[in-house]
Amino acid sequence: MKALLGSRGKKTRQADKEFIADGIQSVREILRPSFDDAPKLVNLYVTEKGYAKLLEEISPQVLEEAPIIHVADAVMNEMAETESPQGILALCKFTEITLYKLKQRSVKKVAYFWEIQDPGNSGTVIRTAEALGFDAVVFSNNSVDVYSPKTVRATVGALSHIPVVEGITLEVLMDFAQSEEFTTIALAGDGAGSILDLDKSEKTILIFGNEARGLPEIAGLHSRVAIPMSGKSESLNVASAAAIAMFEVGIR
């Protein structure tokens, strides 16, 4: 547990295909996954108070089947990354998801993020994509580690309900989009049109850029659009922009 949360945590997470989720909401969602390759619970570590909290949210019948290990408060304090742990830590196993697996699932709405760096943003966009009916989230190479503690915490359990693919270059993404007949839409401040004016397509990939550098030019793109703004701000946070665009494509 300490190795997964420590300074070398990313290397350990990738080697062991394991990560840590903390808190009631994350554990509740892990116990009710929505797809076959969703993260699986390996061990659930709880203090006395943490177990009492779980009983308020999750039925005793479900908890009886969970691999629970009771630990003392002092042990939890040593294990947890946060200063005030809830007394609930889950060791989880994840399966690497590929574009081929997305093809098998016949996904129709995909959000792609190029070199996104902030763990809070990455977790938020995963949570938002799941909430707004998207079928998958894809991150480029040189992006944040999806299974880092801060990212996992920001997803609030959404990793159990939406497939996430890592390490996909723009070139590979565009090849996939062309072969599977997706409409590709990039969101950028220099976009020539408005996200509000796009015709809906059955199969769409929304593409978002780095927090500071935006997006490079993308060969073969169908549309490069912006979000119209009436205020004086020059740009939006990538998580905010993604929420608006995904709402337009996924719900409206």
# chains A, B, ... in the order shown; residues from 1 in each chain; ligands from 1

call {"tool": "residues_around", "arguments": {"residues": "Asn121 (chain A)", "least_positions_apart": "3", "cutoff": "12 Å", "atoms": "only C-alpha atoms", "output": "VMD selection string"}}
result
chain A and resid 113 115 to 118 124 to 128 143 to 146 150 to 155 208 to 211 237 to 243

call {"tool": "residues_around", "arguments": {"residues": "Ala129 (chain A)", "least_positions_apart": "2", "cutoff": "12 Å", "atoms": "only C-alpha atoms", "output": "mmCIF file with N, CA and C atoms, in the first residue's frame"}}
result
data_model
loop_
_atom_site.group_PDB
_atom_site.id
_atom_site.type_symbol
_atom_site.label_atom_id
_atom_site.label_comp_id
_atom_site.auth_asym_id
_atom_site.auth_seq_id
_atom_site.Cartn_x
_atom_site.Cartn_y
_atom_site.Cartn_z
ATOM 1 N N LYS A 109 -19.562 7.643 -28.238
ATOM 2 C CA LYS A 109 -19.146 8.964 -27.757
ATOM 3 C C LYS A 109 -17.867 8.797 -26.939
ATOM 4 N N VAL A 110 -16.797 9.442 -27.420
ATOM 5 C CA VAL A 110 -15.487 9.301 -26.784
ATOM 6 C C VAL A 110 -14.896 10.687 -26.525
ATOM 7 N N ALA A 111 -14.299 10.882 -25.353
ATOM 8 C CA ALA A 111 -13.587 12.121 -25.035
ATOM 9 C C ALA A 111 -12.096 11.813 -24.976
ATOM 10 N N TYR A 112 -11.305 12.586 -25.720
ATOM 11 C CA TYR A 112 -9.857 12.383 -25.786
ATOM 12 C C TYR A 112 -9.142 13.612 -25.230
ATOM 13 N N PHE A 113 -8.122 13.373 -24.405
ATOM 14 C CA PHE A 113 -7.389 14.478 -23.772
ATOM 15 C C PHE A 113 -5.909 14.338 -24.083
ATOM 16 N N SER A 122 -7.967 15.671 -14.618
ATOM 17 C CA SER A 122 -8.155 14.372 -15.258
ATOM 18 C C SER A 122 -9.237 13.565 -14.565
ATOM 19 N N GLY A 123 -9.249 13.598 -13.240
ATOM 20 C CA GLY A 123 -10.299 12.885 -12.522
ATOM 21 C C GLY A 123 -11.668 13.478 -12.765
ATOM 22 N N THR A 124 -11.717 14.809 -12.827
ATOM 23 C CA THR A 124 -12.991 15.494 -13.052
ATOM 24 C C THR A 124 -13.561 15.184 -14.428
ATOM 25 N N VAL A 125 -12.701 15.148 -15.457
ATOM 26 C CA VAL A 125 -13.224 14.889 -16.811
ATOM 27 C C VAL A 125 -13.711 13.445 -16.952
ATOM 28 N N ILE A 126 -13.082 12.519 -16.240
ATOM 29 C CA ILE A 126 -13.574 11.135 -16.255
ATOM 30 C C ILE A 126 -14.958 11.084 -15.619
ATOM 31 N N ARG A 127 -15.091 11.734 -14.479
ATOM 32 C CA ARG A 127 -16.392 11.765 -13.773
ATOM 33 C C ARG A 127 -17.455 12.435 -14.638
ATOM 34 N N ALA A 131 -20.932 10.898 -16.347
ATOM 35 C CA ALA A 131 -22.221 11.494 -15.980
ATOM 36 C C ALA A 131 -23.012 11.951 -17.198
ATOM 37 N N LEU A 132 -22.317 12.368 -18.262
ATOM 38 C CA LEU A 132 -22.980 12.922 -19.434
ATOM 39 C C LEU A 132 -23.158 11.893 -20.557
ATOM 40 N N GLY A 133 -23.017 10.631 -20.223
ATOM 41 C CA GLY A 133 -23.368 9.584 -21.181
ATOM 42 C C GLY A 133 -22.308 9.216 -22.188
ATOM 43 N N PHE A 134 -21.056 9.606 -21.972
ATOM 44 C CA PHE A 134 -19.992 9.187 -22.890
ATOM 45 C C PHE A 134 -19.633 7.727 -22.626
ATOM 46 N N ASP A 135 -19.100 7.078 -23.653
ATOM 47 C CA ASP A 135 -18.821 5.647 -23.574
ATOM 48 C C ASP A 135 -17.388 5.336 -23.158
ATOM 49 N N ALA A 136 -16.479 6.304 -23.308
ATOM 50 C CA ALA A 136 -15.081 6.056 -22.954
ATOM 51 C C ALA A 136 -14.328 7.379 -22.866
ATOM 52 N N VAL A 137 -13.224 7.348 -22.131
ATOM 53 C CA VAL A 137 -12.287 8.473 -22.057
ATOM 54 C C VAL A 137 -10.915 7.949 -22.464
ATOM 55 N N VAL A 138 -10.220 8.718 -23.292
ATOM 56 C CA VAL A 138 -8.894 8.322 -23.776
ATOM 57 C C VAL A 138 -7.908 9.441 -23.455
ATOM 58 N N THR A 155 -12.223 11.280 -9.464
ATOM 59 C CA THR A 155 -13.230 10.581 -10.266
ATOM 60 C C THR A 155 -14.459 10.216 -9.441
ATOM 61 N N ALA A 158 -16.043 7.018 -10.633
ATOM 62 C CA ALA A 158 -16.446 6.878 -12.037
ATOM 63 C C ALA A 158 -15.605 5.860 -12.801
ATOM 64 N N LEU A 159 -14.404 5.530 -12.301
ATOM 65 C CA LEU A 159 -13.577 4.519 -12.972
ATOM 66 C C LEU A 159 -14.270 3.160 -13.034
ATOM 67 N N HIS A 161 -17.312 2.796 -13.882
ATOM 68 C CA HIS A 161 -18.471 2.879 -14.777
ATOM 69 C C HIS A 161 -18.153 3.320 -16.198
ATOM 70 N N ILE A 162 -16.912 3.689 -16.471
ATOM 71 C CA ILE A 162 -16.555 4.114 -17.823
ATOM 72 C C ILE A 162 -15.138 3.645 -18.144
ATOM 73 N N PRO A 163 -14.912 3.016 -19.305
ATOM 74 C CA PRO A 163 -13.569 2.576 -19.679
ATOM 75 C C PRO A 163 -12.638 3.763 -19.920
ATOM 76 N N VAL A 164 -11.397 3.630 -19.474
ATOM 77 C CA VAL A 164 -10.387 4.665 -19.668
ATOM 78 C C VAL A 164 -9.168 4.038 -20.338
ATOM 79 N N ILE A 205 -15.848 11.782 -31.556
ATOM 80 C CA ILE A 205 -14.721 11.894 -30.632
ATOM 81 C C ILE A 205 -14.458 13.378 -30.408
ATOM 82 N N LEU A 206 -14.569 13.816 -29.161
ATOM 83 C CA LEU A 206 -14.214 15.181 -28.781
ATOM 84 C C LEU A 206 -12.757 15.195 -28.336
ATOM 85 N N ALA A 239 -11.281 21.247 -17.662
ATOM 86 C CA ALA A 239 -12.391 20.454 -17.120
ATOM 87 C C ALA A 239 -13.722 21.163 -17.338
ATOM 88 N N SER A 240 -13.729 22.504 -17.220
ATOM 89 C CA SER A 240 -14.958 23.268 -17.462
ATOM 90 C C SER A 240 -15.337 23.229 -18.935
ATOM 91 N N ALA A 241 -14.344 23.408 -19.802
ATOM 92 C CA ALA A 241 -14.607 23.366 -21.244
ATOM 93 C C ALA A 241 -15.115 21.990 -21.658
ATOM 94 N N ALA A 242 -14.523 20.949 -21.097
ATOM 95 C CA ALA A 242 -14.947 19.595 -21.427
ATOM 96 C C ALA A 242 -16.383 19.346 -20.987
ATOM 97 N N ALA A 243 -16.751 19.862 -19.835
ATOM 98 C CA ALA A 243 -18.118 19.666 -19.345
ATOM 99 C C ALA A 243 -19.135 20.296 -20.287
ATOM 100 N N ILE A 244 -18.841 21.512 -20.759
ATOM 101 C CA ILE A 244 -19.759 22.196 -21.680
ATOM 102 C C ILE A 244 -19.867 21.438 -22.997
ATOM 103 N N ALA A 245 -18.717 21.060 -23.552
ATOM 104 C CA ALA A 245 -18.717 20.383 -24.852
ATOM 105 C C ALA A 245 -19.358 19.004 -24.766
ATOM 106 N N MET A 246 -19.066 18.270 -23.708
ATOM 107 C CA MET A 246 -19.644 16.931 -23.569
ATOM 108 C C MET A 246 -21.155 16.999 -23.339
ATOM 109 N N PHE A 247 -21.615 18.039 -22.677
ATOM 110 C CA PHE A 247 -23.054 18.226 -22.509
ATOM 111 C C PHE A 247 -23.715 18.458 -23.866
ATOM 112 N N GLU A 248 -23.081 19.292 -24.690
ATOM 113 C CA GLU A 248 -23.628 19.590 -26.010
ATOM 114 C C GLU A 248 -23.699 18.335 -26.877
ATOM 115 N N VAL A 249 -22.673 17.521 -26.813
ATOM 116 C CA VAL A 249 -22.589 16.341 -27.688
ATOM 117 C C VAL A 249 -23.343 15.150 -27.087
ATOM 118 N N GLY A 250 -23.291 15.007 -25.766
ATOM 119 C CA GLY A 250 -23.829 13.815 -25.150
ATOM 120 C C GLY A 250 -25.260 13.919 -24.693
ATOM 121 N N ILE A 251 -25.720 15.130 -24.330
ATOM 122 C CA ILE A 251 -27.057 15.280 -23.727
ATOM 123 C C ILE A 251 -27.978 16.152 -24.566
#

call {"tool": "residues_around", "arguments": {"residues": "Gly87 (chain A)", "least_positions_apart": "3", "cutoff": "10 Å", "atoms": "only C-alpha atoms", "output": "number ranges by chain"}}
result
A: 22-24, 45-54, 70-73, 75-77, 79-80, 84

call {"tool": "write_last_selection", "arguments": {"atoms": "N, CA and C atoms", "output": "PDB file, in the first residue's frame"}}
result
ATOM      1  N   ASP A  22      -9.728   5.655  -1.940  1.00  0.00           N
ATOM      2  CA  ASP A  22     -10.092   5.896  -0.548  1.00  0.00           C
ATOM      3  C   ASP A  22     -11.488   6.502  -0.459  1.00  0.00           C
ATOM      4  N   GLY A  23     -12.125   6.288   0.671  1.00  0.00           N
ATOM      5  CA  GLY A  23     -13.424   6.897   0.926  1.00  0.00           C
ATOM      6  C   GLY A  23     -14.613   6.029   0.550  1.00  0.00           C
ATOM      7  N   ILE A  24     -15.749   6.393   1.104  1.00  0.00           N
ATOM      8  CA  ILE A  24     -16.976   5.612   0.924  1.00  0.00           C
ATOM      9  C   ILE A  24     -17.434   5.585  -0.526  1.00  0.00           C
ATOM     10  N   TYR A  45      -9.390  -2.173   3.447  1.00  0.00           N
ATOM     11  CA  TYR A  45      -8.861  -1.944   4.793  1.00  0.00           C
ATOM     12  C   TYR A  45      -9.726  -0.902   5.494  1.00  0.00           C
ATOM     13  N   VAL A  46     -10.200  -1.225   6.686  1.00  0.00           N
ATOM     14  CA  VAL A  46     -11.092  -0.306   7.404  1.00  0.00           C
ATOM     15  C   VAL A  46     -10.752  -0.257   8.888  1.00  0.00           C
ATOM     16  N   THR A  47     -10.936   0.923   9.466  1.00  0.00           N
ATOM     17  CA  THR A  47     -10.893   1.064  10.916  1.00  0.00           C
ATOM     18  C   THR A  47     -12.293   0.801  11.463  1.00  0.00           C
ATOM     19  N   GLU A  48     -12.415   0.805  12.763  1.00  0.00           N
ATOM     20  CA  GLU A  48     -13.736   0.597  13.369  1.00  0.00           C
ATOM     21  C   GLU A  48     -14.722   1.674  12.921  1.00  0.00           C
ATOM     22  N   LYS A  49     -14.274   2.940  12.941  1.00  0.00           N
ATOM     23  CA  LYS A  49     -15.147   4.031  12.505  1.00  0.00           C
ATOM     24  C   LYS A  49     -15.402   3.955  11.003  1.00  0.00           C
ATOM     25  N   GLY A  50     -14.396   3.581  10.241  1.00  0.00           N
ATOM     26  CA  GLY A  50     -14.569   3.447   8.795  1.00  0.00           C
ATOM     27  C   GLY A  50     -15.587   2.392   8.434  1.00  0.00           C
ATOM     28  N   TYR A  51     -15.558   1.260   9.149  1.00  0.00           N
ATOM     29  CA  TYR A  51     -16.518   0.193   8.891  1.00  0.00           C
ATOM     30  C   TYR A  51     -17.937   0.643   9.230  1.00  0.00           C
ATOM     31  N   ALA A  52     -18.070   1.406  10.300  1.00  0.00           N
ATOM     32  CA  ALA A  52     -19.390   1.928  10.679  1.00  0.00           C
ATOM     33  C   ALA A  52     -19.932   2.844   9.584  1.00  0.00           C
ATOM     34  N   LYS A  53     -19.050   3.654   8.976  1.00  0.00           N
ATOM     35  CA  LYS A  53     -19.468   4.532   7.884  1.00  0.00           C
ATOM     36  C   LYS A  53     -19.925   3.709   6.681  1.00  0.00           C
ATOM     37  N   LEU A  54     -19.199   2.639   6.386  1.00  0.00           N
ATOM     38  CA  LEU A  54     -19.575   1.794   5.258  1.00  0.00           C
ATOM     39  C   LEU A  54     -20.959   1.183   5.452  1.00  0.00           C
ATOM     40  N   HIS A  70      -9.660  -5.540   8.916  1.00  0.00           N
ATOM     41  CA  HIS A  70      -9.809  -4.514   9.945  1.00  0.00           C
ATOM     42  C   HIS A  70      -8.429  -4.128  10.477  1.00  0.00           C
ATOM     43  N   VAL A  71      -8.191  -2.817  10.569  1.00  0.00           N
ATOM     44  CA  VAL A  71      -6.897  -2.323  11.048  1.00  0.00           C
ATOM     45  C   VAL A  71      -7.117  -1.263  12.117  1.00  0.00           C
ATOM     46  N   ALA A  72      -6.098  -1.058  12.930  1.00  0.00           N
ATOM     47  CA  ALA A  72      -6.155  -0.033  13.963  1.00  0.00           C
ATOM     48  C   ALA A  72      -6.010   1.359  13.348  1.00  0.00           C
ATOM     49  N   ASP A  73      -6.440   2.367  14.079  1.00  0.00           N
ATOM     50  CA  ASP A  73      -6.335   3.746  13.600  1.00  0.00           C
ATOM     51  C   ASP A  73      -4.887   4.101  13.272  1.00  0.00           C
ATOM     52  N   VAL A  75      -2.482   2.173  12.302  1.00  0.00           N
ATOM     53  CA  VAL A  75      -2.070   1.518  11.057  1.00  0.00           C
ATOM     54  C   VAL A  75      -2.642   2.272   9.854  1.00  0.00           C
ATOM     55  N   MET A  76      -3.916   2.670   9.943  1.00  0.00           N
ATOM     56  CA  MET A  76      -4.548   3.418   8.857  1.00  0.00           C
ATOM     57  C   MET A  76      -3.825   4.741   8.620  1.00  0.00           C
ATOM     58  N   ASN A  77      -3.443   5.411   9.689  1.00  0.00           N
ATOM     59  CA  ASN A  77      -2.734   6.688   9.547  1.00  0.00           C
ATOM     60  C   ASN A  77      -1.407   6.513   8.826  1.00  0.00           C
ATOM     61  N   MET A  79      -0.840   4.072   6.599  1.00  0.00           N
ATOM     62  CA  MET A  79      -1.136   3.617   5.238  1.00  0.00           C
ATOM     63  C   MET A  79      -1.636   4.744   4.352  1.00  0.00           C
ATOM     64  N   ALA A  80      -2.459   5.635   4.915  1.00  0.00           N
ATOM     65  CA  ALA A  80      -3.180   6.620   4.105  1.00  0.00           C
ATOM     66  C   ALA A  80      -2.277   7.764   3.657  1.00  0.00           C
ATOM     67  N   SER A  84      -6.197  13.402   7.023  1.00  0.00           N
ATOM     68  CA  SER A  84      -7.363  12.994   7.816  1.00  0.00           C
ATOM     69  C   SER A  84      -8.105  11.875   7.092  1.00  0.00           C
TER      70      SER A  84
END

call {"tool": "select_by_dssp", "arguments": {"residues": "region 16-226 of chain A", "states": "helix (DSSP H, G or I)", "output": "ChimeraX atom specification"}}
result
/A:16,24-30,48-57,60-64,73-79,99-104,119-131,149-155,158-160,170-179,195-197

call {"tool": "write_last_selection", "arguments": {"atoms": "C-alpha atoms", "output": "compact mmCIF listing (two decimals), in the first residue's frame"}}
result
# COMPACT_ATOMS: atom_id res chain seq x y z
CA ASP A 16 1.40 -4.46 -10.56
CA ILE A 24 -16.98 5.61 0.92
CA GLN A 25 -17.99 6.81 -2.55
CA SER A 26 -15.09 5.14 -4.36
CA VAL A 27 -15.58 1.86 -2.50
CA ARG A 28 -19.33 1.87 -3.09
CA GLU A 29 -18.82 2.20 -6.86
CA ILE A 30 -16.06 -0.42 -7.00
CA GLU A 48 -13.74 0.60 13.37
CA LYS A 49 -15.15 4.03 12.51
CA GLY A 50 -14.57 3.45 8.79
CA TYR A 51 -16.52 0.19 8.89
CA ALA A 52 -19.39 1.93 10.68
CA LYS A 53 -19.47 4.53 7.88
CA LEU A 54 -19.58 1.79 5.26
CA LEU A 55 -22.55 0.17 6.96
CA GLU A 56 -24.45 3.45 6.58
CA GLU A 57 -23.98 3.39 2.79
CA PRO A 60 -24.29 -5.77 5.27
CA GLN A 61 -24.91 -8.54 2.71
CA VAL A 62 -22.62 -6.85 0.19
CA LEU A 63 -19.95 -6.14 2.79
CA GLU A 64 -20.01 -9.74 4.00
CA ASP A 73 -6.34 3.75 13.60
CA ALA A 74 -2.55 4.00 13.91
CA VAL A 75 -2.07 1.52 11.06
CA MET A 76 -4.55 3.42 8.86
CA ASN A 77 -2.73 6.69 9.55
CA GLU A 78 0.51 5.11 8.34
CA MET A 79 -1.14 3.62 5.24
CA LEU A 99 -8.72 0.98 -28.44
CA TYR A 100 -9.43 -2.51 -29.73
CA LYS A 101 -11.55 -3.17 -26.65
CA LEU A 102 -13.43 0.07 -27.30
CA LYS A 103 -14.09 -1.16 -30.84
CA GLN A 104 -15.49 -4.41 -29.43
CA PRO A 119 -4.68 15.11 -11.56
CA GLY A 120 -7.75 17.04 -10.44
CA ASN A 121 -8.66 17.93 -14.02
CA SER A 122 -8.15 14.37 -15.26
CA GLY A 123 -10.30 12.88 -12.52
CA THR A 124 -12.99 15.49 -13.05
CA VAL A 125 -13.22 14.89 -16.81
CA ILE A 126 -13.57 11.14 -16.26
CA ARG A 127 -16.39 11.76 -13.77
CA THR A 128 -18.04 14.28 -16.13
CA ALA A 129 -17.80 12.02 -19.19
CA GLU A 130 -19.49 9.19 -17.31
CA ALA A 131 -22.22 11.49 -15.98
CA PRO A 149 -4.37 8.86 -5.76
CA LYS A 150 -5.41 12.45 -6.59
CA THR A 151 -6.90 11.47 -9.95
CA VAL A 152 -8.74 8.47 -8.52
CA ARG A 153 -10.13 10.65 -5.72
CA ALA A 154 -11.38 13.23 -8.23
CA THR A 155 -13.23 10.58 -10.27
CA ALA A 158 -16.45 6.88 -12.04
CA LEU A 159 -13.58 4.52 -12.97
CA SER A 160 -15.98 1.68 -12.18
CA LEU A 170 -3.01 11.81 -31.74
CA GLU A 171 -1.88 9.93 -34.84
CA VAL A 172 -3.15 6.60 -33.49
CA LEU A 173 -6.38 8.22 -32.36
CA MET A 174 -7.05 9.72 -35.80
CA ASP A 175 -6.32 6.40 -37.51
CA PHE A 176 -8.82 4.75 -35.17
CA ALA A 177 -11.38 7.49 -35.81
CA GLN A 178 -11.06 7.16 -39.58
CA SER A 179 -11.25 3.36 -39.62
CA ILE A 195 -19.56 24.04 -30.47
CA LEU A 196 -23.18 25.19 -30.30
CA ASP A 197 -23.60 25.07 -34.08

call {"tool": "residues_around", "arguments": {"residues": "Leu4 (chain A)", "least_positions_apart": "5", "cutoff": "6 Å", "atoms": "only C-alpha atoms", "output": "ChimeraX atom specification"}}
result
/A:9,12-13

call {"tool": "closest_residue", "arguments": {"among": "A:Lys232, A:His222, A:Lys200, A:Arg32", "to": "Lys108 (chain A)", "atoms": "only C-alpha atoms"}}
result
A:Lys200

call {"tool": "closest_residue", "arguments": {"among": "A:Arg252, A:Ile185, A:Val42, A:Gly231", "to": "Ala219 (chain A)", "atoms": "only C-alpha atoms"}}
result
A:Ile185

call {"tool": "select_by_dssp", "arguments": {"residues": "region 49-249 of chain A", "states": "strand (DSSP E or B)", "output": "count of residues only"}}
result
38

call {"tool": "closest_residue", "arguments": {"among": "A:Val107, A:Val225, A:Leu5, A:Ile218", "to": "Glu180 (chain A)", "atoms": "only C-alpha atoms"}}
result
A:Val107

call {"tool": "closest_residue", "arguments": {"among": "A:Ser59, A:Asn43, A:Ser34, A:Ser148", "to": "Lys10 (chain A)", "atoms": "only C-alpha atoms"}}
result
A:Ser148

call {"tool": "atom_distance", "arguments": {"atom1": "CA of Pro216 (chain A)", "atom2": "CA of Phe139 (chain A)"}}
result
15.3 Å

call {"tool": "residues_around", "arguments": {"residues": "Asp190 (chain A)", "least_positions_apart": "6", "cutoff": "10 Å", "atoms": "only C-alpha atoms", "output": "ChimeraX atom specification"}}
result
/A:214-215,224-227

call {"tool": "write_last_selection", "arguments": {"atoms": "N, CA and C atoms", "output": "short mmCIF file (atom, residue, chain, number, x, y, z; two decimals), in the first residue's frame"}}
result
data_model
loop_
_atom_site.label_atom_id
_atom_site.label_comp_id
_atom_site.auth_asym_id
_atom_site.auth_seq_id
_atom_site.Cartn_x
_atom_site.Cartn_y
_atom_site.Cartn_z
N GLY A 214 -2.77 24.10 -25.13
CA GLY A 214 -3.85 23.82 -26.05
C GLY A 214 -3.57 22.62 -26.91
N LEU A 215 -3.98 22.69 -28.19
CA LEU A 215 -3.83 21.58 -29.12
C LEU A 215 -2.95 21.96 -30.31
N ARG A 224 -12.74 22.09 -35.93
CA ARG A 224 -11.97 22.69 -34.83
C ARG A 224 -12.79 23.90 -34.36
N VAL A 225 -13.41 23.77 -33.20
CA VAL A 225 -14.38 24.76 -32.76
C VAL A 225 -14.01 25.31 -31.39
N ALA A 226 -14.70 26.39 -31.02
CA ALA A 226 -14.49 27.03 -29.73
C ALA A 226 -15.81 27.10 -28.97
N ILE A 227 -15.73 27.42 -27.70
CA ILE A 227 -16.91 27.67 -26.88
C ILE A 227 -17.12 29.18 -26.85
#

call {"tool": "closest_residue", "arguments": {"among": "A:Ala66, A:Leu44, A:Ile58, A:Met1", "to": "Ile88 (chain A)", "atoms": "only C-alpha atoms"}}
result
A:Leu44

call {"tool": "decode", "arguments": {"residues": "region 40-56 of chain A", "atoms": "N, CA and C atoms", "output": "CSV table (one decimal), in the first residue's frame"}}
result
chain,number,residue,atom,x,y,z
A,40,LYS,N,-11.2,-4.1,-10.0
A,40,LYS,CA,-11.7,-5.1,-9.1
A,40,LYS,C,-11.1,-4.8,-7.7
A,41,LEU,N,-11.9,-5.1,-6.7
A,41,LEU,CA,-11.5,-4.9,-5.3
A,41,LEU,C,-10.6,-6.1,-4.9
A,42,VAL,N,-9.4,-5.8,-4.4
A,42,VAL,CA,-8.5,-6.9,-3.9
A,42,VAL,C,-8.6,-7.0,-2.4
A,43,ASN,N,-8.4,-5.9,-1.7
A,43,ASN,CA,-8.6,-5.9,-0.2
A,43,ASN,C,-9.2,-4.5,0.2
A,44,LEU,N,-10.0,-4.6,1.2
A,44,LEU,CA,-10.6,-3.3,1.7
A,44,LEU,C,-10.2,-3.2,3.2
A,45,TYR,N,-9.4,-2.2,3.4
A,45,TYR,CA,-8.9,-1.9,4.8
A,45,TYR,C,-9.7,-0.9,5.5
A,46,VAL,N,-10.2,-1.2,6.7
A,46,VAL,CA,-11.1,-0.3,7.4
A,46,VAL,C,-10.8,-0.3,8.9
A,47,THR,N,-10.9,0.9,9.5
A,47,THR,CA,-10.9,1.1,10.9
A,47,THR,C,-12.3,0.8,11.5
A,48,GLU,N,-12.4,0.8,12.8
A,48,GLU,CA,-13.7,0.6,13.4
A,48,GLU,C,-14.7,1.7,12.9
A,49,LYS,N,-14.3,2.9,12.9
A,49,LYS,CA,-15.1,4.0,12.5
A,49,LYS,C,-15.4,4.0,11.0
A,50,GLY,N,-14.4,3.6,10.2
A,50,GLY,CA,-14.6,3.4,8.8
A,50,GLY,C,-15.6,2.4,8.4
A,51,TYR,N,-15.6,1.3,9.1
A,51,TYR,CA,-16.5,0.2,8.9
A,51,TYR,C,-17.9,0.6,9.2
A,52,ALA,N,-18.1,1.4,10.3
A,52,ALA,CA,-19.4,1.9,10.7
A,52,ALA,C,-19.9,2.8,9.6
A,53,LYS,N,-19.1,3.7,9.0
A,53,LYS,CA,-19.5,4.5,7.9
A,53,LYS,C,-19.9,3.7,6.7
A,54,LEU,N,-19.2,2.6,6.4
A,54,LEU,CA,-19.6,1.8,5.3
A,54,LEU,C,-21.0,1.2,5.5
A,55,LEU,N,-21.3,0.8,6.7
A,55,LEU,CA,-22.5,0.2,7.0
A,55,LEU,C,-23.7,1.1,6.7
A,56,GLU,N,-23.4,2.4,6.8
A,56,GLU,CA,-24.4,3.4,6.6
A,56,GLU,C,-24.8,3.6,5.1
